[in-house]
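What follows is a single structure, written as structure tokens, with notes after it.
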Protein chains: 2
Amino acid sequence: MVIDELRAALGEKVSVNETIREHHSKDESFHTPTMPEAVVFAACTEDVATTLRICNANLTPVVAWGAGTSLEGNSTPVGGAVTLDLSQMDKILRVSSEDLDCTIQPGVRRKQLNEYLSRYGLFFPVDPGADATLGGMASTGASGTTTVKYGAMKQLVMSLTVVTANGETIKTSRRARKTSAGYDLTHLFVGSEGTLGVITELTLRVFGIPEVIAAATMQFDSVRQAIDGVIETIQLGIGVARIELVDRDAVVAVNRYSGTDLPRKDLLLLEFHGTKESTAIDVAAAREVLERHGGGGFLQTTDEAERRKLWQARHDAGLACRAHQPNGRIFATDVCVPISKLADCIEQTQQDLADSKIYGPLVGHVGDGNFHVLLTADPDDHEMIERLEEFHTRLVKRSLSFEGTCTGEHGIGVGKIQYLVEELGVSAVEAMAAIKAALDPNCIMNPGKVIARVG
Amino acid sequence: MVIDELRAALGEKVSVNETIREHHSKDESFHTPTMPEAVVFAACTEDVATTLRICNANLTPVVAWGAGTSLEGNSTPVGGAVTLDLSQMDKILRVSSEDLDCTIQPGVRRKQLNEYLSRYGLFFPVDPGADATLGGMASTGASGTTTVKYGAMKQLVMSLTVVTANGETIKTSRRARKTSAGYDLTHLFVGSEGTLGVITELTLRVFGIPEVIAAATMQFDSVRQAIDGVIETIQLGIGVARIELVDRDAVVAVNRYSGTDLPRKDLLLLEFHGTKESTAIDVAAAREVLERHGGGGFLQTTDEAERRKLWQARHDAGLACRAHQPNGRIFATDVCVPISKLADCIEQTQQDLADSKIYGPLVGHVGDGNFHVLLTADPDDHEMIERLEEFHTRLVKRSLSFEGTCTGEHGIGVGKIQYLVEELGVSAVEAMAAIKAALDPNCIMNPGKVIARVG
């Protein structure tokens, strides 16, 4: 009946095609797929509002969909849901070189945006790896390799247009660079994973493409040495734009996968953005600090092709580590701790992996204290998934004991939902549930995600 | 009766002394003072929770108080309220040089914090001018002169402990540098002006004190030239830490007040943070850009005493412009527009001031598009206040027509409450009201502020 109403209002934009529904039943993770009842391909904010009004009146759950690259089942529907596919809302609406901002629709993808912005000498820095949609990245609170310099989605979304469950359209903020006018709805919706509303427009900060991008790599005998070096680099305010760890096991996997011959050591990859002079100063300063902490085999380049080669290990690490299990899907881990606790947290995690005989190379956005153990699971291998779940629970508890979080950048979805109360306490989660109930009283917006039970 | 209950629970911490109540009846603005029924001097989070529980049960309004430096009546009570004075909660609880963060109580003042942090070679950059408490600065969503480089309170508060109306204590986030775990309660409370809860602890990002601080000034024949220069400086990514405008009228007022002899031109003041090499590069680059836009009379220094002298005009501007009216109190204006619209907005505002014969020199955090017309009002001069209100309404509408906001950093309080719906629309303000009602169903938390009517 809800589908009939949607069809009457939106015509061909509503699909019940099985292939399309199957495509919208899962993300990149191992979490159990569920088919939506229908998929609505929205073309504009009004389509989103119409869909939400009809679904709200019918108490039908609605899940927003971007590119399906999430890792925690964030956009996987519950039973009986309608998926609202925003990928066709992919227009870049305006770019301002003077204000260093742009306004886009939520289905714009990261690479598409940067290709477009490059005409203006601009770029948007958040780089989670996947070619996600910007609406999805905002909803998940994504970040990635450049966050150490430029910040995460939280810092770079200036304003949103959001449709709430009742079909009302909210503009969260004006386009001024800063404001103290009322509650910060922008940040409430960023990271809320479609549980409070559907983003239909984003205004983002953008940056001038740096004159020079310098890349460097160094090897270490231990993760601790590498991280002590990272801490001092950041403490001294040396301008790193990316600072990534690929641990020894991941390096070995990359060598095997990509035919490279990197030393079997813990690898640190760095990038510096600026002028010729400033990057030269930064590279030399970082090298001096990292060598003092035992770093060796220093390599650097400002040539683009060379730079991509130097960073290849980082780009290949995910595929390389997952290649050993052809039917595997991603079992994501995403803890983030204060950087002073990072070496302890990684060392204990590596010991745990060894003790529990789990193959888990790791990569880390170490400048932010965030790292991923690259695990793969065959969804049908229940025993293995149980072992990974147990390992993951220990990892999260370890992170919490170090004042960290269960998710630095992937969001809660269904995969981390059991840890939220332990992380933030009952009062905080009850406040979230109260906000959810206030904005979505019928609980139609992506139910079953973020907050375990509402009302 | 509520006072008896508070006394029974909190003893000597509850005061009904008239002088104390009078001190808590107003902030630095011209807005009408109102005496609280009592003032509770909280010593710990539990005192705050006790006060809120008792007041909530008695439906008694509660207003949090820091240093009383707000400019929009943000901490001025409504009739029958209890003021919760947090100034005695002024402990710095921890500082981490490795993580570049600190945890403090809300009554810590800005200068006190920076004095303490300097022992570690660290500083907290947000500088709103007044020696406000950090709890107040977070509640107001304050920013100031360094925001162009370091961000506002919104960007630098990592986590809060907040007590809500029902006496529940919420920790909004862990201490990790980034997180995607649940709704961003931190940013919901930052800027909510005590209407959703009372902040009892803050974890803040801090920064290494720069090796070199360079200051520079330049004069311009017009505000437009100065701002075109600012836009290009920022567009090119030149690392300015502060970039402030003091307009010609304000320069004249400073000369009169401070006995200086600055040229009667629009003045731009700049500050650069970094190493000897990087600041020299930045200063030269900024000078080149600004001279191309008509800037002249370039002066610079890296000496601390000289630096203070060079910036004196900025520090004295407020007092200088308000000195002409000895009984005056501050009538704050605080619009902020996209920087591409700033020259238009300022020019039209100066024309409006001339047309309406209002003395209004101005200063601006021009790197952020935020400026203040320095108005003073005798609270008893109702005709003058009416004229200023009319001017201010035109100023806000002008800012909104340029996609700007009515408040860049002072908050809504009572002074801007009439503009919020016009700025953000009914749907957004209704969403705010719904959140307010969810977290504070009896509407005891600083009622009459931010949102005009709830429920």
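Every chain in the structure tokens takes a letter, A first, then B, and so on in the order presented; its residues are numbered from 1, and the ligands are numbered from 1 following the presented order.
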Under the rule of at most 6 Å, produce a per-residue listing of chain B near chain A: chain, number, name, the closest pair of atoms, and the distance in Å, as JSON lines, using only C-alpha atoms.
```
{"residue": "B:Glu98", "atom": "CA", "partner": "A:Ser340", "partner_atom": "CA", "distance": 5.7}
{"residue": "B:Asp99", "atom": "CA", "partner": "A:Ile339", "partner_atom": "CA", "distance": 5.8}
{"residue": "B:Gly141", "atom": "CA", "partner": "A:Ser180", "partner_atom": "CA", "distance": 5.5}
{"residue": "B:Ile170", "atom": "CA", "partner": "A:Ala428", "partner_atom": "CA", "distance": 5.1}
{"residue": "B:Arg174", "atom": "CA", "partner": "A:Glu403", "partner_atom": "CA", "distance": 5.8}
{"residue": "B:Arg175", "atom": "CA", "partner": "A:Glu403", "partner_atom": "CA", "distance": 5.6}
{"residue": "B:Ala176", "atom": "CA", "partner": "A:Pro338", "partner_atom": "CA", "distance": 4.6}
{"residue": "B:Arg177", "atom": "CA", "partner": "A:Asp368", "partner_atom": "CA", "distance": 5.8}
{"residue": "B:Lys178", "atom": "CA", "partner": "A:Gly408", "partner_atom": "CA", "distance": 5.6}
{"residue": "B:Thr179", "atom": "CA", "partner": "A:Gly408", "partner_atom": "CA", "distance": 4.1}
{"residue": "B:Ser180", "atom": "CA", "partner": "A:Gly411", "partner_atom": "CA", "distance": 4.7}
{"residue": "B:Ala181", "atom": "CA", "partner": "A:Ile412", "partner_atom": "CA", "distance": 5.7}
{"residue": "B:Gly182", "atom": "CA", "partner": "A:Val450", "partner_atom": "CA", "distance": 5.9}
{"residue": "B:Tyr183", "atom": "CA", "partner": "A:Ser192", "partner_atom": "CA", "distance": 5.5}
{"residue": "B:Asp184", "atom": "CA", "partner": "A:Leu188", "partner_atom": "CA", "distance": 5.5}
{"residue": "B:Leu188", "atom": "CA", "partner": "A:Asp184", "partner_atom": "CA", "distance": 5.5}
{"residue": "B:Ser192", "atom": "CA", "partner": "A:Tyr183", "partner_atom": "CA", "distance": 5.5}
{"residue": "B:Cys336", "atom": "CA", "partner": "A:Ala176", "partner_atom": "CA", "distance": 5.9}
{"residue": "B:Val337", "atom": "CA", "partner": "A:Ala176", "partner_atom": "CA", "distance": 4.6}
{"residue": "B:Pro338", "atom": "CA", "partner": "A:Ala176", "partner_atom": "CA", "distance": 4.6}
{"residue": "B:Ile339", "atom": "CA", "partner": "A:Asp99", "partner_atom": "CA", "distance": 5.8}
{"residue": "B:Ser340", "atom": "CA", "partner": "A:Glu98", "partner_atom": "CA", "distance": 5.7}
{"residue": "B:Asp368", "atom": "CA", "partner": "A:Arg177", "partner_atom": "CA", "distance": 5.8}
{"residue": "B:Glu403", "atom": "CA", "partner": "A:Arg175", "partner_atom": "CA", "distance": 5.6}
{"residue": "B:Gly404", "atom": "CA", "partner": "A:Ala176", "partner_atom": "CA", "distance": 5.0}
{"residue": "B:Thr407", "atom": "CA", "partner": "A:Ser180", "partner_atom": "CA", "distance": 5.6}
{"residue": "B:Gly408", "atom": "CA", "partner": "A:Thr179", "partner_atom": "CA", "distance": 4.1}
{"residue": "B:Glu409", "atom": "CA", "partner": "A:Ser180", "partner_atom": "CA", "distance": 5.2}
{"residue": "B:Gly411", "atom": "CA", "partner": "A:Ser180", "partner_atom": "CA", "distance": 4.7}
{"residue": "B:Ile412", "atom": "CA", "partner": "A:Ala181", "partner_atom": "CA", "distance": 5.7}
{"residue": "B:Ser427", "atom": "CA", "partner": "A:Ile170", "partner_atom": "CA", "distance": 5.6}
{"residue": "B:Ala428", "atom": "CA", "partner": "A:Ile170", "partner_atom": "CA", "distance": 5.1}
{"residue": "B:Ala434", "atom": "CA", "partner": "A:Ala438", "partner_atom": "CA", "distance": 5.7}
{"residue": "B:Ile435", "atom": "CA", "partner": "A:Ile435", "partner_atom": "CA", "distance": 5.6}
{"residue": "B:Ala438", "atom": "CA", "partner": "A:Ala434", "partner_atom": "CA", "distance": 5.7}
{"residue": "B:Val450", "atom": "CA", "partner": "A:Gly182", "partner_atom": "CA", "distance": 5.9}
```
Can you spit out the residues from that selection as a short mmCIF file (atom, residue, chain, number, x, y, z; two decimals), in the first residue's frame, using C-alpha atoms?
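Written output follows (result04.cif):
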```cif
data_model
loop_
_atom_site.label_atom_id
_atom_site.label_comp_id
_atom_site.auth_asym_id
_atom_site.auth_seq_id
_atom_site.Cartn_x
_atom_site.Cartn_y
_atom_site.Cartn_z
CA GLU B 98 51.40 14.54 24.08
CA ASP B 99 47.72 14.69 23.21
CA GLY B 141 29.88 29.52 21.01
CA ILE B 170 26.25 13.35 30.59
CA ARG B 174 35.59 10.26 24.87
CA ARG B 175 39.00 11.89 24.70
CA ALA B 176 39.96 10.50 21.27
CA ARG B 177 40.82 13.20 18.76
CA LYS B 178 37.90 12.13 16.58
CA THR B 179 34.86 9.88 16.90
CA SER B 180 31.76 8.86 14.95
CA ALA B 181 30.03 7.26 17.94
CA GLY B 182 26.43 8.45 18.16
CA TYR B 183 25.00 11.93 17.90
CA ASP B 184 27.37 14.83 18.40
CA LEU B 188 24.73 20.43 20.57
CA SER B 192 23.22 26.34 23.50
CA CYS B 336 28.88 37.70 10.05
CA VAL B 337 28.66 37.21 6.28
CA PRO B 338 30.52 35.21 3.65
CA ILE B 339 33.76 37.10 3.17
CA SER B 340 32.93 37.78 -0.51
CA ASP B 368 35.88 35.26 9.15
CA GLU B 403 23.59 34.83 3.33
CA GLY B 404 24.98 35.90 6.71
CA THR B 407 25.47 36.58 15.40
CA GLY B 408 28.93 35.36 14.58
CA GLU B 409 30.11 34.85 18.16
CA GLY B 411 25.05 34.07 20.75
CA ILE B 412 21.33 34.81 20.59
CA SER B 427 11.22 24.36 10.55
CA ALA B 428 14.74 24.72 11.93
CA ALA B 434 11.58 20.02 19.97
CA ILE B 435 15.12 19.20 21.13
CA ALA B 438 12.99 16.67 24.90
CA VAL B 450 17.71 31.51 22.17
#
```
**Asked** What does the distance between CA of Arg94 (chain A) and CA of Tyr116 (chain A) come to in Å, to one decimal place?
**Response**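 Spanning CA of Arg94 (chain A) to CA of Tyr116 (chain A) is a straight-line distance of 10.8 Å.
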**Asked** Which polymer residues have any atom within 12 Å of an atom of region 253-256 of chain A, counting only C-alpha atoms, with same-chain residues fewer than 5 positions away left out, as a PyMOL selection string?
**Response** chain A and resi 246-248+261-265+267+311-324+359-363+374
**Fill in**
Taken to one decimal, the CA of Ile199 (chain A)-CA of Ala42 (chain A) distance is 11.8 Å
**Request:** From a DSSP pass on the backbone, collect the residues of region 245-298 of chain A flagged as helix (DSSP H, G or I) and hand them back as a list in words.
**Result:**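 Answer for region 245-298 of chain A restricted to helix (DSSP H, G or I) is Arg248, Asp249, Ala250, Val251, Val252, Ala253, Val254, Asn255, Arg256, Tyr257, Ser258, Lys276, Glu277, Ser278, Thr279, Ala280, Ile281, Asp282, Val283, Ala284, Ala285, Ala286, Arg287, Glu288, Val289, Leu290, Glu291 and Arg292 of chain A.
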**Asked** Can you tell me, as an MDAnalysis selection string, what residues are no more than 10 Å from Leu395 (chain B) when counting only C-alpha atoms, ignoring any on the same chain fewer than 3 positions away?
**Response** chainID B and resid 333:335 345:346 348:349 352:353 373 389:392 398:401 406
Would you export the selected residues with N, CA and C atoms as a PDB file, in the first residue's frame, please?
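So selection-v6.pdb came out as:
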```
ATOM      1  N   THR B 333      26.468  44.572  18.263  1.00  0.00           N
ATOM      2  CA  THR B 333      26.089  44.050  16.948  1.00  0.00           C
ATOM      3  C   THR B 333      27.170  43.061  16.545  1.00  0.00           C
ATOM      4  N   ASP B 334      26.783  42.032  15.777  1.00  0.00           N
ATOM      5  CA  ASP B 334      27.679  40.883  15.646  1.00  0.00           C
ATOM      6  C   ASP B 334      27.441  40.127  14.351  1.00  0.00           C
ATOM      7  N   VAL B 335      27.048  40.831  13.292  1.00  0.00           N
ATOM      8  CA  VAL B 335      26.740  40.089  12.061  1.00  0.00           C
ATOM      9  C   VAL B 335      27.999  39.466  11.461  1.00  0.00           C
ATOM     10  N   CYS B 345      28.668  44.631   2.624  1.00  0.00           N
ATOM     11  CA  CYS B 345      27.898  44.728   3.870  1.00  0.00           C
ATOM     12  C   CYS B 345      28.416  45.872   4.741  1.00  0.00           C
ATOM     13  N   ILE B 346      29.727  46.018   4.826  1.00  0.00           N
ATOM     14  CA  ILE B 346      30.290  47.093   5.649  1.00  0.00           C
ATOM     15  C   ILE B 346      30.016  48.456   5.012  1.00  0.00           C
ATOM     16  N   GLN B 348      27.579  49.395   3.023  1.00  0.00           N
ATOM     17  CA  GLN B 348      26.167  49.765   3.175  1.00  0.00           C
ATOM     18  C   GLN B 348      25.854  50.121   4.624  1.00  0.00           C
ATOM     19  N   THR B 349      26.526  49.450   5.555  1.00  0.00           N
ATOM     20  CA  THR B 349      26.309  49.725   6.972  1.00  0.00           C
ATOM     21  C   THR B 349      26.862  51.097   7.344  1.00  0.00           C
ATOM     22  N   ASP B 352      24.479  53.610   6.084  1.00  0.00           N
ATOM     23  CA  ASP B 352      23.301  53.625   6.958  1.00  0.00           C
ATOM     24  C   ASP B 352      23.596  54.441   8.225  1.00  0.00           C
ATOM     25  N   LEU B 353      24.771  54.225   8.810  1.00  0.00           N
ATOM     26  CA  LEU B 353      25.163  54.977  10.008  1.00  0.00           C
ATOM     27  C   LEU B 353      25.178  56.479   9.703  1.00  0.00           C
ATOM     28  N   VAL B 373      29.764  46.807  14.983  1.00  0.00           N
ATOM     29  CA  VAL B 373      29.622  48.258  15.077  1.00  0.00           C
ATOM     30  C   VAL B 373      29.626  48.570  16.570  1.00  0.00           C
ATOM     31  N   GLU B 389      17.912  50.162  17.855  1.00  0.00           N
ATOM     32  CA  GLU B 389      17.206  48.912  17.512  1.00  0.00           C
ATOM     33  C   GLU B 389      16.831  48.902  16.029  1.00  0.00           C
ATOM     34  N   GLU B 390      16.348  50.055  15.553  1.00  0.00           N
ATOM     35  CA  GLU B 390      15.960  50.128  14.141  1.00  0.00           C
ATOM     36  C   GLU B 390      17.167  49.930  13.222  1.00  0.00           C
ATOM     37  N   PHE B 391      18.253  50.609  13.584  1.00  0.00           N
ATOM     38  CA  PHE B 391      19.493  50.442  12.810  1.00  0.00           C
ATOM     39  C   PHE B 391      19.935  48.974  12.828  1.00  0.00           C
ATOM     40  N   HIS B 392      19.871  48.383  14.020  1.00  0.00           N
ATOM     41  CA  HIS B 392      20.326  47.007  14.180  1.00  0.00           C
ATOM     42  C   HIS B 392      19.483  46.035  13.365  1.00  0.00           C
ATOM     43  N   ARG B 398      20.268  43.133   6.413  1.00  0.00           N
ATOM     44  CA  ARG B 398      21.310  43.256   5.381  1.00  0.00           C
ATOM     45  C   ARG B 398      22.201  42.018   5.414  1.00  0.00           C
ATOM     46  N   SER B 399      22.618  41.626   6.605  1.00  0.00           N
ATOM     47  CA  SER B 399      23.472  40.437   6.735  1.00  0.00           C
ATOM     48  C   SER B 399      22.763  39.203   6.191  1.00  0.00           C
ATOM     49  N   LEU B 400      21.493  39.049   6.539  1.00  0.00           N
ATOM     50  CA  LEU B 400      20.738  37.882   6.058  1.00  0.00           C
ATOM     51  C   LEU B 400      20.622  37.906   4.528  1.00  0.00           C
ATOM     52  N   SER B 401      20.451  39.111   3.967  1.00  0.00           N
ATOM     53  CA  SER B 401      20.336  39.206   2.507  1.00  0.00           C
ATOM     54  C   SER B 401      21.649  38.811   1.832  1.00  0.00           C
ATOM     55  N   CYS B 406      22.928  36.703  12.115  1.00  0.00           N
ATOM     56  CA  CYS B 406      22.779  37.839  13.032  1.00  0.00           C
ATOM     57  C   CYS B 406      23.824  37.819  14.129  1.00  0.00           C
TER      58      CYS B 406
END
```
**Request:** Find the spatial neighbours of Thr50 (chain A), counting only C-alpha atoms, within a cut-off of 10 Å - ignore same-chain residues fewer than 5 positions away - and output them as a ChimeraX atom specification.
**Result:** /A:6,9-10,42,45,55-56,163,166-168
Those residues you just picked out, can you put them in a file as a PDB file, in the first residue's frame with C-alpha atoms?
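Okay, this is what ended up in again_26.pdb:
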```pdb
ATOM      1  CA  LEU A   6       4.748   6.274  -3.510  1.00  0.00           C
ATOM      2  CA  ALA A   9       3.211  10.438  -6.165  1.00  0.00           C
ATOM      3  CA  LEU A  10       6.589   9.645  -7.723  1.00  0.00           C
ATOM      4  CA  ALA A  42      14.993  10.865  -5.589  1.00  0.00           C
ATOM      5  CA  THR A  45      14.526  17.655  -2.125  1.00  0.00           C
ATOM      6  CA  CYS A  55       6.343   6.601   4.734  1.00  0.00           C
ATOM      7  CA  ASN A  56       5.754   8.472   7.995  1.00  0.00           C
ATOM      8  CA  VAL A 163      14.336  16.662   5.431  1.00  0.00           C
ATOM      9  CA  ASN A 166       7.483  14.663   8.946  1.00  0.00           C
ATOM     10  CA  GLY A 167       8.599  15.928   5.538  1.00  0.00           C
ATOM     11  CA  GLU A 168       9.741  19.329   6.830  1.00  0.00           C
TER      12      GLU A 168
END
```
**Request:** as a list in words, list the residues of region 47-158 of chain B assigned to strand (DSSP E) by DSSP on the backbone atoms of this structure.
**Result:** Val62, Val63, Ala64, Trp65, Val82, Thr83, Leu84, Asp85, Ile92, Leu93, Arg94, Val95, Ser96, Asp101, Cys102, Thr103, Ile104, Leu122, Phe123, Val157 and Met158 of chain B
Could you write those residues out with C-alpha atoms, as a compact mmCIF listing (two decimals), in the first residue's frame?
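Contents of again_3.txt, freshly written:
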```
# COMPACT_ATOMS: atom_id res chain seq x y z
CA VAL B 62 17.98 28.15 36.49
CA VAL B 63 20.57 30.37 34.81
CA ALA B 64 24.24 29.41 34.66
CA TRP B 65 26.79 32.15 35.36
CA VAL B 82 18.01 30.81 40.61
CA THR B 83 21.47 31.71 39.29
CA LEU B 84 24.02 28.89 39.33
CA ASP B 85 27.40 30.58 39.71
CA ILE B 92 42.54 22.85 35.73
CA LEU B 93 42.20 19.09 36.04
CA ARG B 94 44.77 17.78 33.58
CA VAL B 95 47.00 18.87 30.73
CA SER B 96 48.55 16.55 28.15
CA ASP B 101 44.49 18.69 25.17
CA CYS B 102 43.42 19.66 28.67
CA THR B 103 40.43 19.10 30.94
CA ILE B 104 39.17 21.97 33.08
CA LEU B 122 51.07 25.36 25.34
CA PHE B 123 48.23 27.81 24.82
CA VAL B 157 35.86 21.75 22.49
CA MET B 158 36.49 17.99 22.30
```
**Request:** To one decimal in Å, tell me the separation between CA of Asp127 (chain A) and CA of Val240 (chain A).
**Result:** 15.1 Å
So that I can see what lies close to Gln300 (chain A), please list as a short mmCIF file (atom, residue, chain, number, x, y, z; two decimals) with N, CA and C atoms, in the first residue's frame the residues with an atom at most 7 Å from it, counting only C-alpha atoms and leaving out residues fewer than 6 positions away in the same chain.
```cif
data_model
loop_
_atom_site.label_atom_id
_atom_site.label_comp_id
_atom_site.auth_asym_id
_atom_site.auth_seq_id
_atom_site.Cartn_x
_atom_site.Cartn_y
_atom_site.Cartn_z
N ALA A 215 55.82 13.94 -0.64
CA ALA A 215 55.56 12.67 0.03
C ALA A 215 56.87 12.12 0.57
N ALA A 216 56.76 11.35 1.65
CA ALA A 216 57.95 10.73 2.23
C ALA A 216 57.56 9.42 2.89
N THR A 217 58.49 8.48 2.98
CA THR A 217 58.27 7.25 3.74
C THR A 217 59.50 6.96 4.60
#
```
**Message:** For Gln219 (chain A), find every residue with an atom within 12 Å (counting only C-alpha atoms), except residues of its own chain fewer than 2 positions away, and show them as a PyMOL selection string.
**Reply:** chain A and resi 216-217+221-223+225-227+229+244-248+251+262-270+287+290-291+293-299
Once you have the residues from the selection above, write them out as a compact mmCIF listing (two decimals), in the first residue's frame, restricted to N, CA and C atoms.
```
# COMPACT_ATOMS: atom_id res chain seq x y z
N ALA A 216 56.76 11.35 1.65
CA ALA A 216 57.95 10.73 2.23
C ALA A 216 57.56 9.42 2.89
N THR A 217 58.49 8.48 2.98
CA THR A 217 58.27 7.25 3.74
C THR A 217 59.50 6.96 4.60
N ASP A 221 61.66 -0.20 13.37
CA ASP A 221 61.75 -1.55 13.91
C ASP A 221 60.56 -1.91 14.78
N SER A 222 59.83 -0.89 15.24
CA SER A 222 58.66 -1.17 16.07
C SER A 222 57.61 -0.09 15.88
N VAL A 223 56.37 -0.49 16.11
CA VAL A 223 55.26 0.46 16.05
C VAL A 223 55.47 1.57 17.08
N GLN A 225 58.19 2.94 18.24
CA GLN A 225 59.12 3.97 17.77
C GLN A 225 58.43 4.90 16.76
N ALA A 226 57.71 4.29 15.84
CA ALA A 226 57.03 5.10 14.82
C ALA A 226 56.06 6.09 15.47
N ILE A 227 55.32 5.60 16.45
CA ILE A 227 54.29 6.45 17.06
C ILE A 227 54.90 7.52 17.95
N GLY A 229 57.59 8.93 17.32
CA GLY A 229 58.00 9.93 16.33
C GLY A 229 56.83 10.78 15.85
N GLU A 244 50.50 8.21 8.00
CA GLU A 244 49.82 6.92 8.04
C GLU A 244 50.80 5.81 8.40
N LEU A 245 50.31 4.87 9.19
CA LEU A 245 51.09 3.69 9.53
C LEU A 245 50.58 2.49 8.73
N VAL A 246 51.51 1.71 8.16
CA VAL A 246 51.20 0.40 7.60
C VAL A 246 52.11 -0.57 8.35
N ASP A 247 51.53 -1.45 9.14
CA ASP A 247 52.40 -2.26 10.01
C ASP A 247 53.10 -3.37 9.21
N ARG A 248 54.07 -3.99 9.86
CA ARG A 248 54.92 -4.99 9.22
C ARG A 248 54.11 -6.07 8.49
N VAL A 251 52.73 -4.70 5.39
CA VAL A 251 53.80 -4.53 4.39
C VAL A 251 54.09 -5.86 3.70
N LEU A 262 59.35 -4.08 -0.34
CA LEU A 262 59.56 -3.17 0.80
C LEU A 262 60.19 -3.93 1.96
N PRO A 263 61.07 -3.29 2.73
CA PRO A 263 61.65 -3.94 3.92
C PRO A 263 60.53 -4.40 4.86
N ARG A 264 60.75 -5.55 5.51
CA ARG A 264 59.75 -6.10 6.43
C ARG A 264 59.80 -5.34 7.74
N LYS A 265 59.37 -4.12 7.70
CA LYS A 265 59.39 -3.26 8.88
C LYS A 265 58.08 -2.47 8.93
N ASP A 266 57.84 -1.81 10.06
CA ASP A 266 56.66 -0.94 10.17
C ASP A 266 56.92 0.33 9.36
N LEU A 267 55.95 0.65 8.54
CA LEU A 267 56.15 1.72 7.55
C LEU A 267 55.30 2.94 7.90
N LEU A 268 55.94 4.10 7.85
CA LEU A 268 55.22 5.36 8.04
C LEU A 268 55.24 6.11 6.71
N LEU A 269 54.04 6.57 6.30
CA LEU A 269 53.94 7.34 5.05
C LEU A 269 53.48 8.74 5.39
N LEU A 270 54.14 9.73 4.81
CA LEU A 270 53.82 11.12 5.14
C LEU A 270 53.54 11.92 3.88
N ARG A 287 61.73 14.56 9.12
CA ARG A 287 62.79 13.55 8.99
C ARG A 287 63.70 13.54 10.22
N LEU A 290 61.83 11.99 13.16
CA LEU A 290 61.55 10.55 13.01
C LEU A 290 62.85 9.74 13.05
N GLU A 291 63.93 10.28 12.51
CA GLU A 291 65.21 9.56 12.60
C GLU A 291 65.66 9.46 14.04
N HIS A 293 63.81 9.01 16.42
CA HIS A 293 63.02 7.93 17.03
C HIS A 293 63.25 6.59 16.33
N GLY A 294 64.36 6.49 15.58
CA GLY A 294 64.74 5.19 15.02
C GLY A 294 64.28 4.96 13.59
N GLY A 295 63.67 5.97 12.98
CA GLY A 295 63.22 5.82 11.59
C GLY A 295 64.40 5.74 10.63
N GLY A 296 64.27 4.92 9.59
CA GLY A 296 65.34 4.79 8.62
C GLY A 296 64.78 4.65 7.22
N GLY A 297 65.69 4.56 6.24
CA GLY A 297 65.29 4.33 4.85
C GLY A 297 64.47 5.46 4.28
N PHE A 298 64.78 6.68 4.70
CA PHE A 298 63.99 7.84 4.29
C PHE A 298 63.97 8.00 2.77
N LEU A 299 62.78 8.15 2.22
CA LEU A 299 62.60 8.45 0.81
C LEU A 299 61.64 9.62 0.69
```
**Request:** Counting only C-alpha atoms, figure out which residue out of B:Ala452, B:Leu71, B:Leu342, B:Cys443 gets nearest to Leu375 (chain B).
**Result:**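 Ranking B:Ala452, B:Leu71, B:Leu342, B:Cys443 by distance to Leu375 (chain B), first place goes to B:Leu71.
Shortest atom-to-atom contact with Ser29 (chain A) among A:Thr69, A:Met384, A:Cys44, A:Met89: A:Thr69, counting only C-alpha atoms.
The smallest atom-to-atom distance between Gly80 (chain A) and any of A:Arg329, A:Arg7, A:Arg21, A:Arg307, using only C-alpha atoms, is found for A:Arg21.
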**Message:** I'd like to know which of A:Asp27, A:Glu22, A:Asp90, A:Asp4 is closest to Thr51 (chain A), using only C-alpha atoms.
**Reply:** A:Asp4
